[in-house]
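Engineer: Next up is a structure, given as structure tokens.
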Amino acid sequence: MRQSHLFTKTRKESPKDEISQNAQLLIRGGYIHKEMAGAYDLLPLGLRVFEKIKQIIREEMNALGGQEVSFTALQDPELWKETNRWKGEAVDEVWFKTELNGGTQVGLGFTHEEPMTRVMKNHISSYRDLPRYTYQFQTKFRNELRAKSGIMRGREFLMKDFYSFNRSDAELEVFYEEAGAAYLNVFRRVGIGDFTYLTFASGGVFSKFSHEFQCVSTAGEDTIYIDTDKRIAVNYEVMSDDILRDLGISKEALVEAKAIEVGNIFKLGTRFSEPLGLTFKDEDGVDKPVVMGSYGIGIGRLMGTIVEVLCDEKGIVWPESVAPFTIHLVELSQGDEKIRAYADKLYEDLTVAGIEVLYDDRDMRAGEKFADSDLLGIPHRVVVGKTTTDSAIEVVRRKNGNKGVVTREKLLAGIYHA
RNA sequence: CGGGGUGUCGUAUACCGGUAGUACGCUUGCUUUGGGAGCAAGAUGACCGAGUUCGAUUCUCGGCACCCCGACCA
């Protein structure tokens, strides 16, 4: 991608209506645009990051046996009345409700347990049909009383929601552990593994605990207590001596921290299968309710968290796995046609080699190009200038500023640092 | 939802009951050129509505929007 063709521009100043670091940097870099409180547009760079994150999650969910689907946002009130969740007060008034032209009420989904369960009724009738796992990347609507923290808590957001359908609590238990491990894989792969802890949290009405994945950050809204040796944590909401005893954690070992909830997994049991009539015949011909679980990750929140946790005073620092491009090629030809031609050719060759390159071919001063490059946070900056030769091309690593030279041959082979 | 605050070019800000200024960005020209250049010339702005007033961007009221604190957060 030639940067001169990219329709977005960077900004020197942060918008005054954003306090959160994630939104400030993403807006300044032209990754996103704020449409209204709690609703953001993804611009080309932002969409690229989003798709990278989605693909990592998709791979992990597929490895769990998940089958990808995509459900409608429109929700049938009758279905939700069966689980007693159509009433606004039952769900903290997060419903966006609207109506069809004829006056029929519909809702915009804030989660999908009900419709997912209903669809599975058409396909699950025997123990031979189980287990089954589904997931989707789907837009959720939540009418939050107060949107805040930039893209971390929006009124419309893309969520990966995964649903498990098992024969028994024991079978769910085994799967639940696998799902937790897959979640840790996701957070490791997107670059925040070192800061993210499996956290015991309230199980609500369904079970003793649910598990959250909490990423330590001063931007977090939750408070957790971390056992750094065991790499687990307890949410302060459920913190008590009894819980610590159950978990075999000593109080002295705990460190308090603010954290961002980047994922959450729940054992639902038969909370939805019973009222909605999702049952199967077991080997003895007896009807039993399906045992369910649900597993969520907010994609935008995860993107915001990566920004919050890894950025520095100059801007965003993307891990290679989710960066919009791998290389930021910056030419400093300043009117020198030879340098310009060299950079053009290098851009073409890198692209042909299958490397994702953002090519800053704009006619600007070096300082401005470097500042933009730092702000955008692409992992490797390749600088083509007066001193560039095939045997010595300058590469700077964004995350630590380390500067080195590499041959053209190595660069095209995907080796960016000597 | 309770409390507090703010709405001025694209962005960030200033001033003012009587011609709305600055910086960045944008256009044109010249000079410059490895860390957000200089000079010159331009274009672009008062959230909406009502009221007070000779005159309102400024004061008052209402609306809307946005931000912050709290509450909330399967």
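How things are named: the first chain in the structure tokens is A, the next is B, and so on; residues count from 1 in each chain; ligands count from 1 in the order shown.
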Please identify all residues of chain A having at least one atom at most 7 Å from any atom of chain B, considering only C-alpha atoms (C1' of nucleotides), and return them as a ChimeraX atom specification.
Structural biologist: /A:13,17,334,365-368,370-371
Engineer: Restrict the selected residues to N, CA and C atoms and save them as a PDB file, in the first residue's frame.
Structural biologist:
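Final output, out30.pdb:
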ATOM      1  N   GLU A  13      -2.402  16.295  16.951  1.00  0.00           N
ATOM      2  CA  GLU A  13      -3.106  16.532  18.218  1.00  0.00           C
ATOM      3  C   GLU A  13      -4.126  15.437  18.480  1.00  0.00           C
ATOM      4  N   ASP A  17     -12.211  15.221  22.755  1.00  0.00           N
ATOM      5  CA  ASP A  17     -13.286  14.441  23.368  1.00  0.00           C
ATOM      6  C   ASP A  17     -12.878  12.993  23.643  1.00  0.00           C
ATOM      7  N   GLN A 334      13.832  12.965  -1.105  1.00  0.00           N
ATOM      8  CA  GLN A 334      13.907  14.421  -1.123  1.00  0.00           C
ATOM      9  C   GLN A 334      14.300  14.959  -2.491  1.00  0.00           C
ATOM     10  N   ARG A 365       9.151  15.791   4.761  1.00  0.00           N
ATOM     11  CA  ARG A 365      10.450  15.810   5.435  1.00  0.00           C
ATOM     12  C   ARG A 365      10.633  14.577   6.304  1.00  0.00           C
ATOM     13  N   ALA A 366      11.894  14.287   6.560  1.00  0.00           N
ATOM     14  CA  ALA A 366      12.213  13.069   7.299  1.00  0.00           C
ATOM     15  C   ALA A 366      11.562  13.039   8.677  1.00  0.00           C
ATOM     16  N   GLY A 367      11.632  14.157   9.365  1.00  0.00           N
ATOM     17  CA  GLY A 367      11.112  14.195  10.728  1.00  0.00           C
ATOM     18  C   GLY A 367       9.649  13.831  10.798  1.00  0.00           C
ATOM     19  N   GLU A 368       8.920  14.363   9.849  1.00  0.00           N
ATOM     20  CA  GLU A 368       7.487  14.113   9.822  1.00  0.00           C
ATOM     21  C   GLU A 368       7.199  12.649   9.495  1.00  0.00           C
ATOM     22  N   PHE A 370       9.168  10.085  10.068  1.00  0.00           N
ATOM     23  CA  PHE A 370       9.532   9.241  11.223  1.00  0.00           C
ATOM     24  C   PHE A 370       8.487   9.339  12.324  1.00  0.00           C
ATOM     25  N   ALA A 371       8.007  10.562  12.565  1.00  0.00           N
ATOM     26  CA  ALA A 371       7.002  10.744  13.613  1.00  0.00           C
ATOM     27  C   ALA A 371       5.736   9.959  13.271  1.00  0.00           C
TER      28      ALA A 371
END
Engineer: Give me, as an NGL selection string, all polymer residues having an atom no more than 9 Å from A:Cys311, counting only C-alpha atoms (C1' of nucleotides) and skipping those fewer than 3 positions away in the same chain.
Structural biologist: :A and (21-22 or 25 or 306-308 or 314-318 or 377 or 399)
Engineer: May I have the selected residues written with N, CA and C atoms, as an mmCIF file, in the first residue's frame?
Structural biologist:
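Writing the result to out-v2.cif gives the following:
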data_model
loop_
_atom_site.group_PDB
_atom_site.id
_atom_site.type_symbol
_atom_site.label_atom_id
_atom_site.label_comp_id
_atom_site.auth_asym_id
_atom_site.auth_seq_id
_atom_site.Cartn_x
_atom_site.Cartn_y
_atom_site.Cartn_z
ATOM 1 N N GLN A 21 -6.200 6.531 26.122
ATOM 2 C CA GLN A 21 -5.025 6.427 25.273
ATOM 3 C C GLN A 21 -5.301 5.642 23.996
ATOM 4 N N ASN A 22 -6.046 4.556 24.117
ATOM 5 C CA ASN A 22 -6.291 3.711 22.944
ATOM 6 C C ASN A 22 -7.001 4.490 21.840
ATOM 7 N N LEU A 25 -4.729 7.387 20.309
ATOM 8 C CA LEU A 25 -3.697 6.936 19.372
ATOM 9 C C LEU A 25 -4.318 6.383 18.092
ATOM 10 N N ILE A 306 -4.512 -4.010 23.304
ATOM 11 C CA ILE A 306 -3.169 -4.165 22.737
ATOM 12 C C ILE A 306 -2.495 -2.797 22.633
ATOM 13 N N VAL A 307 -3.261 -1.808 22.177
ATOM 14 C CA VAL A 307 -2.716 -0.453 22.083
ATOM 15 C C VAL A 307 -2.321 0.056 23.461
ATOM 16 N N GLU A 308 -3.229 -0.062 24.408
ATOM 17 C CA GLU A 308 -2.986 0.453 25.765
ATOM 18 C C GLU A 308 -1.740 -0.162 26.387
ATOM 19 N N LYS A 314 5.689 7.645 21.922
ATOM 20 C CA LYS A 314 5.677 8.056 20.519
ATOM 21 C C LYS A 314 4.456 7.554 19.752
ATOM 22 N N GLY A 315 3.812 6.553 20.300
ATOM 23 C CA GLY A 315 2.647 6.050 19.580
ATOM 24 C C GLY A 315 2.389 4.572 19.815
ATOM 25 N N ILE A 316 1.731 3.995 18.829
ATOM 26 C CA ILE A 316 1.317 2.596 18.914
ATOM 27 C C ILE A 316 2.515 1.687 18.647
ATOM 28 N N VAL A 317 2.530 0.529 19.277
ATOM 29 C CA VAL A 317 3.542 -0.496 18.991
ATOM 30 C C VAL A 317 2.812 -1.811 18.764
ATOM 31 N N TRP A 318 2.620 -2.168 17.514
ATOM 32 C CA TRP A 318 1.896 -3.413 17.219
ATOM 33 C C TRP A 318 2.831 -4.612 17.287
ATOM 34 N N GLY A 377 3.116 2.605 14.295
ATOM 35 C CA GLY A 377 3.502 1.430 15.065
ATOM 36 C C GLY A 377 3.762 0.150 14.308
ATOM 37 N N LYS A 399 9.545 -1.583 18.369
ATOM 38 C CA LYS A 399 9.273 -1.808 19.796
ATOM 39 C C LYS A 399 10.434 -1.388 20.696
#
Engineer: Please return, as an NGL selection string, all residues of stretch 205-311 of chain A that DSSP assigns to strand (DSSP E or B) on the basis of the backbone.
Structural biologist: :A and (209-216 or 222-227 or 232-235 or 254-269 or 279-281 or 287-289 or 291-298)
Engineer: Deliver the residues from the most recent selection as a file, using N, CA and C atoms, as a tab-separated table (two decimals), in the first residue's frame.
Structural biologist:
chain	number	residue	atom	x	y	z
A	209	PHE	N	-18.31	-20.16	39.70
A	209	PHE	CA	-17.38	-19.20	39.09
A	209	PHE	C	-17.64	-19.09	37.60
A	210	SER	N	-17.29	-17.95	37.07
A	210	SER	CA	-16.98	-17.90	35.65
A	210	SER	C	-15.50	-17.55	35.62
A	211	HIS	N	-14.94	-17.54	34.44
A	211	HIS	CA	-13.55	-17.16	34.34
A	211	HIS	C	-13.39	-16.01	33.37
A	212	GLU	N	-12.68	-15.02	33.84
A	212	GLU	CA	-12.37	-13.89	32.98
A	212	GLU	C	-10.90	-13.96	32.61
A	213	PHE	N	-10.59	-13.30	31.51
A	213	PHE	CA	-9.19	-13.14	31.14
A	213	PHE	C	-8.90	-11.67	31.29
A	214	GLN	N	-8.09	-11.36	32.28
A	214	GLN	CA	-7.86	-9.98	32.66
A	214	GLN	C	-6.44	-9.58	32.28
A	215	CYS	N	-6.36	-8.47	31.53
A	215	CYS	CA	-5.06	-7.98	31.08
A	215	CYS	C	-4.69	-6.77	31.93
A	216	VAL	N	-3.59	-6.87	32.61
A	216	VAL	CA	-3.18	-5.82	33.54
A	216	VAL	C	-2.89	-4.52	32.78
A	222	ASP	N	-11.47	-3.03	36.06
A	222	ASP	CA	-11.63	-4.05	37.08
A	222	ASP	C	-10.40	-4.09	37.99
A	223	THR	N	-10.63	-4.55	39.20
A	223	THR	CA	-9.52	-4.75	40.12
A	223	THR	C	-9.37	-6.26	40.35
A	224	ILE	N	-8.17	-6.74	40.20
A	224	ILE	CA	-7.92	-8.17	40.41
A	224	ILE	C	-6.75	-8.36	41.36
A	225	TYR	N	-6.70	-9.56	41.93
A	225	TYR	CA	-5.59	-9.92	42.81
A	225	TYR	C	-4.86	-11.09	42.15
A	226	ILE	N	-3.58	-10.86	41.86
A	226	ILE	CA	-2.84	-11.81	41.04
A	226	ILE	C	-1.90	-12.65	41.89
A	227	ASP	N	-1.91	-13.95	41.63
A	227	ASP	CA	-0.86	-14.84	42.14
A	227	ASP	C	0.10	-15.04	40.98
A	232	ILE	N	-2.56	-17.05	38.01
A	232	ILE	CA	-4.01	-16.90	38.05
A	232	ILE	C	-4.34	-15.70	38.93
A	233	ALA	N	-5.60	-15.26	38.84
A	233	ALA	CA	-6.01	-14.08	39.60
A	233	ALA	C	-7.43	-14.27	40.09
A	234	VAL	N	-7.80	-13.41	41.03
A	234	VAL	CA	-9.17	-13.42	41.56
A	234	VAL	C	-9.72	-12.01	41.41
A	235	ASN	N	-10.92	-11.92	40.84
A	235	ASN	CA	-11.56	-10.62	40.73
A	235	ASN	C	-11.99	-10.17	42.11
A	254	LEU	N	-0.61	-12.43	46.91
A	254	LEU	CA	-1.40	-11.70	45.92
A	254	LEU	C	-0.93	-10.27	45.69
A	255	VAL	N	-1.01	-9.87	44.43
A	255	VAL	CA	-0.68	-8.50	44.03
A	255	VAL	C	-1.94	-7.88	43.45
A	256	GLU	N	-2.28	-6.70	43.93
A	256	GLU	CA	-3.47	-6.02	43.40
A	256	GLU	C	-3.13	-5.27	42.12
A	257	ALA	N	-4.04	-5.30	41.15
A	257	ALA	CA	-3.80	-4.58	39.90
A	257	ALA	C	-5.11	-4.21	39.24
A	258	LYS	N	-5.06	-3.13	38.45
A	258	LYS	CA	-6.17	-2.77	37.58
A	258	LYS	C	-6.03	-3.58	36.30
A	259	ALA	N	-7.14	-4.04	35.77
A	259	ALA	CA	-7.05	-4.90	34.59
A	259	ALA	C	-8.26	-4.72	33.68
A	260	ILE	N	-8.02	-5.04	32.41
A	260	ILE	CA	-9.06	-4.97	31.39
A	260	ILE	C	-9.56	-6.39	31.12
A	261	GLU	N	-10.87	-6.57	31.15
A	261	GLU	CA	-11.42	-7.89	30.87
A	261	GLU	C	-11.46	-8.09	29.35
A	262	VAL	N	-10.57	-8.94	28.86
A	262	VAL	CA	-10.49	-9.14	27.41
A	262	VAL	C	-11.22	-10.39	26.95
A	263	GLY	N	-11.67	-11.20	27.90
A	263	GLY	CA	-12.42	-12.39	27.52
A	263	GLY	C	-13.11	-12.95	28.73
A	264	ASN	N	-14.11	-13.79	28.47
A	264	ASN	CA	-14.91	-14.32	29.57
A	264	ASN	C	-15.50	-15.65	29.12
A	265	ILE	N	-15.40	-16.63	29.98
A	265	ILE	CA	-16.01	-17.94	29.65
A	265	ILE	C	-16.94	-18.38	30.78
A	266	PHE	N	-18.07	-18.98	30.38
A	266	PHE	CA	-19.12	-19.34	31.34
A	266	PHE	C	-19.58	-20.77	31.13
A	267	LYS	N	-19.79	-21.44	32.21
A	267	LYS	CA	-20.57	-22.68	32.16
A	267	LYS	C	-22.03	-22.28	32.34
A	268	LEU	N	-22.84	-22.53	31.34
A	268	LEU	CA	-24.24	-22.14	31.44
A	268	LEU	C	-25.11	-23.26	32.00
A	269	GLY	N	-24.62	-24.48	31.95
A	269	GLY	CA	-25.45	-25.60	32.40
A	269	GLY	C	-26.69	-25.72	31.54
A	279	THR	N	-33.21	-30.55	24.10
A	279	THR	CA	-32.92	-31.82	24.77
A	279	THR	C	-32.40	-32.83	23.76
A	280	PHE	N	-31.81	-33.90	24.28
A	280	PHE	CA	-31.36	-35.00	23.43
A	280	PHE	C	-31.73	-36.32	24.09
A	281	LYS	N	-31.86	-37.38	23.30
A	281	LYS	CA	-32.09	-38.72	23.85
A	281	LYS	C	-30.74	-39.37	24.12
A	287	ASP	N	-34.83	-38.48	27.60
A	287	ASP	CA	-34.61	-37.08	27.20
A	287	ASP	C	-33.86	-36.33	28.29
A	288	LYS	N	-32.78	-35.64	27.87
A	288	LYS	CA	-32.01	-34.84	28.83
A	288	LYS	C	-31.73	-33.47	28.23
A	289	PRO	N	-31.66	-32.47	29.08
A	289	PRO	CA	-31.30	-31.14	28.55
A	289	PRO	C	-29.82	-31.10	28.17
A	291	VAL	N	-26.18	-29.58	27.95
A	291	VAL	CA	-25.38	-28.77	28.89
A	291	VAL	C	-24.55	-27.78	28.08
A	292	MET	N	-24.73	-26.51	28.37
A	292	MET	CA	-24.14	-25.48	27.51
A	292	MET	C	-23.06	-24.65	28.20
A	293	GLY	N	-22.28	-23.97	27.37
A	293	GLY	CA	-21.33	-22.99	27.85
A	293	GLY	C	-21.27	-21.86	26.84
A	294	SER	N	-20.82	-20.68	27.27
A	294	SER	CA	-20.61	-19.61	26.29
A	294	SER	C	-19.30	-18.89	26.59
A	295	TYR	N	-18.71	-18.32	25.54
A	295	TYR	CA	-17.31	-17.91	25.58
A	295	TYR	C	-17.16	-16.67	24.70
A	296	GLY	N	-16.80	-15.54	25.28
A	296	GLY	CA	-16.80	-14.31	24.50
A	296	GLY	C	-15.47	-13.55	24.49
A	297	ILE	N	-15.21	-12.91	23.36
A	297	ILE	CA	-14.09	-11.98	23.24
A	297	ILE	C	-14.58	-10.78	22.43
A	298	GLY	N	-14.42	-9.59	22.96
A	298	GLY	CA	-14.75	-8.38	22.20
A	298	GLY	C	-13.55	-7.98	21.36
Engineer: Could you give me, as JSON, numbers by chain, the residues within 7 Å of stretch 13-22 of chain B, counting only C-alpha atoms (C1' of nucleotides) and dropping anything in the same chain fewer than 3 positions from it?
Structural biologist: {"B": [55, 56, 58]}
Engineer: Would you please extract all helix (DSSP H, G or I) residues from stretch 60-89 of chain A, as assigned by DSSP on the backbone, and give them as a PyMOL selection string?
Structural biologist: chain A and resi 60-63+77-82+88-89
Engineer: When you count only C-alpha atoms (C1' of nucleotides), which of these residues is closest to B:G7: B:G63, B:A41, B:A46, B:G70?
Structural biologist: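 Closest residue, counting only C-alpha atoms (C1' of nucleotides): B:A46.
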Engineer: Rounded to one decimal in Å, what is the spacing between atom CA of A:Lys386 and atom CA of A:Val405?
Structural biologist: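 Taking atom CA of A:Lys386 as the start and atom CA of A:Val405 as the end point, the length is 14.0 Å.
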Engineer: For A:Leu6, find every residue with an atom within 12 Å (counting only C-alpha atoms (C1' of nucleotides)), except residues of its own chain fewer than 3 positions away, and show them as a list in words.
Structural biologist: Met1, Arg2, Gln3, Lys9, Thr10, Gly29, Gly30, Tyr31, Leu43, Pro44, Leu45, Leu358, Tyr359, Asp360, Asp361 and Arg362 of chain A
Engineer: Near A:Gly65, counting only C-alpha atoms (C1' of nucleotides), which residues have an atom at most 10 Å away, once you skip same-chain residues fewer than 4 positions from it, shown as a count of residues only?
Structural biologist: 8
Engineer: Identify which of the residues B:C61, B:C26, B:C69, B:C48 lies closest to B:C9, counting only C-alpha atoms (C1' of nucleotides) when measuring atom-to-atom distances.
Structural biologist: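 Once distances to B:C9 are computed over only C-alpha atoms (C1' of nucleotides), the minimum belongs to B:C26.
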